$ cat run_14.cif   # mmCIF, C-alpha atoms; chains and numbers go by the auth columns
data_my_file
loop_
_atom_site.group_PDB
_atom_site.id
_atom_site.type_symbol
_atom_site.label_atom_id
_atom_site.label_comp_id
_atom_site.label_asym_id
_atom_site.label_seq_id
_atom_site.Cartn_x
_atom_site.Cartn_y
_atom_site.Cartn_z
_atom_site.B_iso_or_equiv
_atom_site.auth_seq_id
_atom_site.auth_asym_id
ATOM 1 C CA MET A 1 1.189 -2.123 8.139 0.00 1 A
ATOM 2 C CA LYS A 2 2.614 -4.249 10.966 0.00 2 A
ATOM 3 C CA PHE A 3 1.608 -7.421 9.125 0.00 3 A
ATOM 4 C CA LEU A 4 3.314 -6.173 5.984 0.00 4 A
ATOM 5 C CA PHE A 5 6.688 -5.738 7.594 0.00 5 A
ATOM 6 C CA THR A 6 6.385 -8.901 9.667 0.00 6 A
ATOM 7 C CA ALA A 7 5.709 -10.854 6.479 0.00 7 A
ATOM 8 C CA VAL A 8 8.605 -9.131 4.757 0.00 8 A
ATOM 9 C CA ALA A 9 10.912 -9.929 7.643 0.00 9 A
ATOM 10 C CA LEU A 10 9.948 -13.588 7.651 0.00 10 A
ATOM 11 C CA LEU A 11 10.192 -14.042 3.899 0.00 11 A
ATOM 12 C CA ALA A 12 13.250 -11.904 3.282 0.00 12 A
ATOM 13 C CA THR A 13 15.563 -12.950 6.093 0.00 13 A
ATOM 14 C CA PRO A 14 18.155 -14.526 3.746 0.00 14 A
ATOM 15 C CA LEU A 15 18.084 -11.449 1.531 0.00 15 A
ATOM 16 C CA ALA A 16 18.363 -9.097 4.484 0.00 16 A
ATOM 17 C CA ALA A 17 21.266 -11.036 5.928 0.00 17 A
ATOM 18 C CA SER A 18 23.218 -10.838 2.703 0.00 18 A
ATOM 19 C CA ALA A 19 22.283 -7.201 2.181 0.00 19 A
ATOM 20 C CA GLN A 20 23.608 -6.285 5.604 0.00 20 A
ATOM 21 C CA THR A 21 27.102 -7.401 4.663 0.00 21 A
ATOM 22 C CA ALA A 22 27.358 -4.592 2.127 0.00 22 A
ATOM 23 C CA PRO A 23 27.589 -0.934 3.140 0.00 23 A
ATOM 24 C CA THR A 24 24.062 0.435 3.397 0.00 24 A
ATOM 25 C CA ALA A 25 24.573 4.088 4.258 0.00 25 A
ATOM 26 C CA ALA A 26 24.829 6.407 1.291 0.00 26 A
ATOM 27 C CA PRO A 27 27.759 8.813 1.114 0.00 27 A
ATOM 28 C CA ALA A 28 26.710 12.442 1.542 0.00 28 A
ATOM 29 C CA ALA A 29 26.982 13.175 -2.190 0.00 29 A
ATOM 30 C CA ALA A 30 25.401 9.905 -3.361 0.00 30 A
ATOM 31 C CA LYS A 31 22.274 10.202 -5.432 0.00 31 A
ATOM 32 C CA LEU A 32 19.317 8.528 -3.740 0.00 32 A
ATOM 33 C CA THR A 33 17.121 6.447 -6.014 0.00 33 A
ATOM 34 C CA ILE A 34 14.444 3.823 -5.652 0.00 34 A
ATOM 35 C CA ASP A 35 17.271 1.267 -5.794 0.00 35 A
ATOM 36 C CA SER A 36 18.954 2.747 -2.704 0.00 36 A
ATOM 37 C CA SER A 37 18.538 0.812 0.513 0.00 37 A
ATOM 38 C CA ILE A 38 15.744 1.898 2.811 0.00 38 A
ATOM 39 C CA GLU A 39 18.393 2.675 5.424 0.00 39 A
ATOM 40 C CA ALA A 40 20.315 4.928 3.018 0.00 40 A
ATOM 41 C CA ILE A 41 17.155 6.838 2.138 0.00 41 A
ATOM 42 C CA ALA A 42 16.223 7.163 5.815 0.00 42 A
ATOM 43 C CA ALA A 43 19.712 8.481 6.647 0.00 43 A
ATOM 44 C CA ASN A 44 18.885 11.617 4.661 0.00 44 A
ATOM 45 C CA PRO A 45 16.356 13.760 6.607 0.00 45 A
ATOM 46 C CA LYS A 46 14.441 14.618 3.429 0.00 46 A
ATOM 47 C CA GLY A 47 14.534 10.991 2.311 0.00 47 A
ATOM 48 C CA LYS A 48 13.235 9.897 5.702 0.00 48 A
ATOM 49 C CA ALA A 49 10.365 12.389 5.380 0.00 49 A
ATOM 50 C CA ILE A 50 9.478 10.870 1.999 0.00 50 A
ATOM 51 C CA LEU A 51 9.401 7.355 3.450 0.00 51 A
ATOM 52 C CA ASP A 52 7.442 8.506 6.507 0.00 52 A
ATOM 53 C CA ALA A 53 4.839 10.153 4.277 0.00 53 A
ATOM 54 C CA GLN A 54 4.385 7.120 2.034 0.00 54 A
ATOM 55 C CA PHE A 55 4.908 4.360 4.621 0.00 55 A
ATOM 56 C CA PRO A 56 4.099 5.678 8.115 0.00 56 A
ATOM 57 C CA GLY A 57 5.807 3.729 10.883 0.00 57 A
ATOM 58 C CA MET A 58 8.264 1.878 8.651 0.00 58 A
ATOM 59 C CA MET A 59 11.404 2.941 10.520 0.00 59 A
ATOM 60 C CA ALA A 60 9.815 2.261 13.902 0.00 60 A
ATOM 61 C CA HIS A 61 8.724 -1.254 12.978 0.00 61 A
ATOM 62 C CA GLU A 62 10.247 -4.017 15.072 0.00 62 A
ATOM 63 C CA SER A 63 11.517 -5.793 11.947 0.00 63 A
ATOM 64 C CA TYR A 64 13.180 -2.700 10.449 0.00 64 A
ATOM 65 C CA PRO A 65 16.688 -4.027 11.213 0.00 65 A
ATOM 66 C CA MET A 66 15.894 -7.069 9.072 0.00 66 A
ATOM 67 C CA PHE A 67 14.774 -5.205 5.927 0.00 67 A
ATOM 68 C CA LYS A 68 16.560 -1.853 6.167 0.00 68 A
ATOM 69 C CA GLY A 69 19.377 -3.034 3.907 0.00 69 A
ATOM 70 C CA MET A 70 16.906 -3.802 1.120 0.00 70 A
ATOM 71 C CA SER A 71 15.486 -1.401 -1.433 0.00 71 A
ATOM 72 C CA LEU A 72 11.745 -0.809 -1.698 0.00 72 A
ATOM 73 C CA LYS A 73 11.817 -2.741 -4.980 0.00 73 A
ATOM 74 C CA GLN A 74 13.405 -5.703 -3.186 0.00 74 A
ATOM 75 C CA VAL A 75 10.840 -5.585 -0.381 0.00 75 A
ATOM 76 C CA GLN A 76 7.855 -5.162 -2.718 0.00 76 A
ATOM 77 C CA PRO A 77 7.431 -8.846 -3.723 0.00 77 A
ATOM 78 C CA TYR A 78 7.111 -9.811 -0.057 0.00 78 A
ATOM 79 C CA ALA A 79 4.717 -7.004 0.860 0.00 79 A
ATOM 80 C CA GLN A 80 1.531 -8.751 -0.288 0.00 80 A
ATOM 81 C CA GLY A 81 0.419 -5.739 -2.296 0.00 81 A
ATOM 82 C CA LYS A 82 1.091 -3.194 0.454 0.00 82 A
ATOM 83 C CA ILE A 83 3.924 -1.603 -1.545 0.00 83 A
ATOM 84 C CA THR A 84 2.490 -0.909 -4.954 0.00 84 A
ATOM 85 C CA ASP A 85 4.101 0.213 -8.184 0.00 85 A
ATOM 86 C CA ALA A 86 2.329 3.549 -7.607 0.00 86 A
ATOM 87 C CA ASP A 87 3.917 3.861 -4.145 0.00 87 A
ATOM 88 C CA ILE A 88 7.349 3.178 -5.602 0.00 88 A
ATOM 89 C CA ALA A 89 6.753 5.677 -8.402 0.00 89 A
ATOM 90 C CA LYS A 90 5.777 8.360 -5.853 0.00 90 A
ATOM 91 C CA VAL A 91 8.887 7.729 -3.764 0.00 91 A
ATOM 92 C CA ALA A 92 11.063 7.674 -6.909 0.00 92 A
ATOM 93 C CA ALA A 93 9.642 11.021 -8.057 0.00 93 A
ATOM 94 C CA GLU A 94 10.220 12.609 -4.651 0.00 94 A
ATOM 95 C CA LEU A 95 13.767 11.248 -4.431 0.00 95 A
ATOM 96 C CA ALA A 96 14.526 12.635 -7.909 0.00 96 A
ATOM 97 C CA LYS A 97 13.644 16.101 -6.603 0.00 97 A
ATOM 98 C CA LEU A 98 16.344 15.769 -3.918 0.00 98 A
ATOM 99 C CA ASN A 99 19.166 15.135 -6.366 0.00 99 A
#

$ encode --input "run_14.cif" --output "structure tokens"
Amino acid sequence: MKFLFTAVALLATPLAASAQTAPTAAPAAAKLTIDSSIEAIAANPKGKAILDAQFPGMMAHESYPMFKGMSLKQVQPYAQGKITDADIAKVAAELAKLN
């Protein structure tokens, strides 16, 4: 898992830098989806639990500040198969239950 996020951080630095210029925290009433930033999902306690269950250690990773402004779909191409379509579908289904 550490390799995954290190690779993502190295490959996605330009994307993360541009993503950090936009607001990343979701308003309290905002609907969380798979297109929400990882940071916005993690800001919701139930959303954070979903991410922790599917991707243990993600928020504690040393490169989290570099990819937190990205969505899981944006991170997926850089994850070398560690974030699968099935993983994203599971997170999407769980997030849909929150809304």

$ atom_distance --input "run_14.cif" --atom1 "CA of Ala30 in chain A" --atom2 "CA of Gly81 in chain A"
29.5 Å

$ atom_distance --input "run_14.cif" --atom1 "CA of Lys46 in chain A" --atom2 "CA of Tyr78 in chain A"
25.7 Å

$ resolve_selection --input "run_14.cif" --expression "the PyMOL selection byres ((chain A and resi 49-53) around 12)" --output "ChimeraX atom specification"
/A:32-34,37-48,54-61,68,71-72,83,87-98

$ atom_distance --input "run_14.cif" --atom1 "CA of Lys31 in chain A" --atom2 "CA of Pro77 in chain A"
24.2 Å
